[in-house]
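To keep things clear, I will list the structure first and then write my remarks on it.
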Amino acid sequence: MEQNILEICYLLASVTFIVGLKYMSNPKTARMGNLLAAAGMTAAIIGTIFLYDNENGLTTRDTTKTVLIFAAIAVGTIIGWLTAVKVKMTKMPELVSMFNGMGGACAALIGLMEFGHNAGNIGSVTAVILGMIIGSVSFSGSVIAYLKLNGSMSKPIRLPSYNIINTILMIGMLLFGVFMIFNGTPEDHVLLYALFAVALLYGVMFVIPIGGADMPVVISLLNSFTGLAAAFGGFLYDNKVMLTGGILVGSAGTLLTIVMCKAMNRPLFNVIFGAFGEGAATGAGASTTGSIKDISVSDSAVLLNYSKKVIIVPGYGLAVAQAQHVIHELEELLEDRGVEVKYAIHPVAGRMPGHMNVLLAESNVDYGKLLEMEEINPEFSNTDVVIVVGANDVVNPAAKNDPSSPIYGMPILDVENAKHIIINKRSMSAGYAGIDNPLFYDPKTSMLFGDAKDVLTKLVNELKSM
């Protein structure tokens, strides 16, 4: 009876995962989807603790075990909750990398603990070894991604012939895993930990040479790895909800990786086999020279005030300055004066997929005004003014017309087609890809230097006084 109830809990949890994921595809329902999936996971955890019977007929309702389990859940919940509440929006990509790495670490630890119990059973030990390898790669790779995103490891590190080294290391790791599956014994602790170490090393080697501009794809790919590792855990324990959750995360991460690769013009084959990001780190593109044209806050206000259509292009600089609320105020002020205002969202704007969407949703921007690149690009030619706030690489025309540029071929926002372009930056420093931007020297472009929040606040006040 209890086992049947548990299976029903797992079924309901699996349904909430699927429905929650569907809800998260739309910004208007994303919060509800997240809460729904979390409720399903809570039900699955509670059901497992109180209803699961092990093969010896004993239940996990032993008092000591139950206390320890809930203590661990409480500690993890408190740490996760406080971390998520306190994190700044600019640090959200780092948080995602850290949480993703923890999932990979859990899968790796399951493999380390369960190998001795399953050695000799080819099916079970295959799930153990694959889960441990993929989880370890995801964990160590996510740690490196975290360090790159927070600036601790700002430059990619490249060994000579690193593609060959990484490929040899990957093949050696897989062969080592096959050996452990067919020849490993419960006493092979040294070999098991050696395989664990090799997988950790490969995770480091996989991510460490990748340039910072390519990190959104890395985050998606590592997320799919963690989901796949969790799915192998579901196979091992014959746990339907763990299997469903892992498959959903893995497949969603894989699909998002493909979308990100398309958005950055990176073949998925190169991501997997180590050539990923090479161009962005080794090339600088053609040098750009010319004169720039400054614009004052008052002149910007006049230009905006007499416009009919304005498109705002948000970037990471907007998040750094915490200027999402004031830019929403600017949008509302312009609309009150009859100006049509929209936001152009590039798939890899910010430091992870959806970063700008989440940032603007925080300031209650209407979701209908957030247009993806394919939707908004045809509208730039009919736009009076484009305001680029803290974005760089996603509006760089070199991606279309400079074959020597490391971002050549990457789809960008066609900002240069607008009648007037105002670019807000702190300085003329290069963007995340580390290359110059010819758009800064376009005759239609005016540079509005300064902190985004400060400049936009002055711009709002100037418009109010007109």
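Numbering starts fresh at 1 for the residues of each chain in the structure tokens, the chains themselves are lettered A, B, ... in the order given, and ligands are numbered from 1 as they appear.
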Each residue of region 7-112 of chain A lying at most 10 Å from region 308-328 of chain A should get a row with its shortest atom-to-atom pair and the distance in Å to one decimal, counting only C-alpha atoms; could you produce that, ordered by chain and increasing number, as CSV?
residue,atom,partner,partner_atom,distance
A:Lys88,CA,A:Gln322,CA,8.9
A:Met89,CA,A:Ala319,CA,6.5
A:Thr90,CA,A:Ala319,CA,5.4
A:Lys91,CA,A:Val320,CA,9.0
Output file for the residues above (C-alpha atoms, as a PDB file, in the first residue's frame):
ATOM      1  CA  LYS A  88      22.866  40.402  -6.825  1.00  0.00           C
ATOM      2  CA  MET A  89      21.374  40.195 -10.285  1.00  0.00           C
ATOM      3  CA  THR A  90      24.861  40.641 -11.764  1.00  0.00           C
ATOM      4  CA  LYS A  91      25.972  37.536  -9.867  1.00  0.00           C
TER       5      LYS A  91
END
Please list as a ChimeraX atom specification every residue within 12 Å of Glu374 (chain A), counting only C-alpha atoms and excluding residues in the same chain fewer than 5 positions away. /A:263,344-347,379-380,411-414
Write out the residues from the selection above, keeping C-alpha atoms, as a tab-separated table (two decimals), in the first residue's frame.
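Saved file out.tsv follows:
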chain	number	residue	atom	x	y	z
A	263	ALA	CA	23.13	32.39	-31.51
A	344	ALA	CA	15.75	44.17	-28.07
A	345	ILE	CA	16.97	40.99	-26.34
A	346	HIS	CA	19.89	39.07	-27.80
A	347	PRO	CA	19.99	35.35	-26.85
A	379	GLU	CA	12.28	47.02	-36.93
A	380	PHE	CA	15.61	48.81	-36.49
A	411	PRO	CA	24.04	36.79	-35.39
A	412	ILE	CA	23.74	40.25	-33.84
A	413	LEU	CA	21.14	42.94	-33.26
A	414	ASP	CA	21.05	45.17	-36.37
Residues within 10 Å of region 9-13 of chain A, please, as a CSV table (one decimal) with C-alpha atoms, in the first residue's frame. Count only C-alpha atoms; anything in the same chain fewer than 2 positions from it doesn't count.
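Writing the result to part.csv gives the following:
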chain,number,residue,atom,x,y,z
A,3,GLN,CA,4.7,1.6,-2.1
A,4,ASN,CA,1.7,2.3,-4.3
A,5,ILE,CA,1.2,5.7,-2.6
A,6,LEU,CA,4.9,6.4,-3.2
A,7,GLU,CA,4.5,5.6,-6.9
A,15,VAL,CA,3.8,15.7,-14.0
A,16,THR,CA,4.6,18.9,-12.0
A,17,PHE,CA,8.2,18.8,-13.5
A,18,ILE,CA,6.8,18.6,-17.0
A,19,VAL,CA,4.1,21.2,-16.5
A,36,LEU,CA,5.0,24.1,-9.2
A,37,ALA,CA,8.1,22.0,-9.9
A,38,ALA,CA,9.5,22.8,-6.5
A,39,ALA,CA,6.2,21.5,-4.9
A,40,GLY,CA,6.5,18.3,-6.9
A,41,MET,CA,10.1,17.8,-5.7
A,42,THR,CA,9.1,18.4,-2.1
A,43,ALA,CA,6.4,15.8,-2.4
A,44,ALA,CA,8.8,13.3,-3.9
A,45,ILE,CA,11.4,13.9,-1.1
A,46,ILE,CA,8.8,13.6,1.7
A,47,GLY,CA,7.3,10.5,0.1
A,48,THR,CA,10.7,8.8,-0.3
A,51,LEU,CA,7.2,5.5,2.3
A,239,ASN,CA,13.5,5.9,-9.2
A,240,LYS,CA,11.0,7.2,-11.7
A,241,VAL,CA,11.0,10.8,-10.5
A,242,MET,CA,14.8,11.1,-10.4
A,244,THR,CA,12.2,12.0,-15.2
A,245,GLY,CA,13.8,15.1,-13.6
Pick out the residues sitting within 12 Å of Glu332 (chain A), and hand them over as a list in words; count only C-alpha atoms, and ignore anything fewer than 6 positions along from it in its own chain.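 After dropping sequence-adjacent residues, the list is Val310, His325, Val326, Gly338, Val339, Glu340, Val341, Lys342, Ser363, Asn364, Val365, Asp366, Lys369, Val460, Leu463 and Lys464 of chain A.
Here CA of Gly33 (chain A) stands at a distance of 18.7 Å from CA of Val85 (chain A).
For the pair CA of Pro443 (chain A) and CA of Leu304 (chain A), the separation is 17.9 Å.
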Would you compute the distance between CA of Tyr367 (chain A) and CA of Ala301 (chain A)? Give it in Å to one decimal.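 Going from CA of Tyr367 (chain A) over to CA of Ala301 (chain A), I get 25.2 Å.
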So that each row is one residue of region 175-271 of chain A with an atom at most 6 Å from region 95-116 of chain A, can you give its shortest atom pair and the distance in Å to one decimal, using only C-alpha atoms, rows by chain and rising number, as CSV?
residue,atom,partner,partner_atom,distance
A:Pro186,CA,A:Gly116,CA,4.1
A:Thr226,CA,A:Gly104,CA,5.0
A:Ala229,CA,A:Ala107,CA,5.9
A:Ala230,CA,A:Ala107,CA,6.0
Write the selection just made, keeping N, CA and C atoms, as an mmCIF file, in the first residue's frame?
data_model
loop_
_atom_site.group_PDB
_atom_site.id
_atom_site.type_symbol
_atom_site.label_atom_id
_atom_site.label_comp_id
_atom_site.auth_asym_id
_atom_site.auth_seq_id
_atom_site.Cartn_x
_atom_site.Cartn_y
_atom_site.Cartn_z
ATOM 1 N N PRO A 186 34.618 -4.684 -6.026
ATOM 2 C CA PRO A 186 34.346 -3.801 -4.880
ATOM 3 C C PRO A 186 35.605 -3.333 -4.158
ATOM 4 N N THR A 226 24.701 17.751 -15.983
ATOM 5 C CA THR A 226 24.182 17.459 -14.642
ATOM 6 C C THR A 226 22.866 16.697 -14.725
ATOM 7 N N ALA A 229 23.619 13.113 -15.662
ATOM 8 C CA ALA A 229 24.169 12.380 -14.525
ATOM 9 C C ALA A 229 23.071 11.989 -13.536
ATOM 10 N N ALA A 230 22.131 12.907 -13.293
ATOM 11 C CA ALA A 230 21.004 12.603 -12.402
ATOM 12 C C ALA A 230 20.124 11.494 -12.975
#
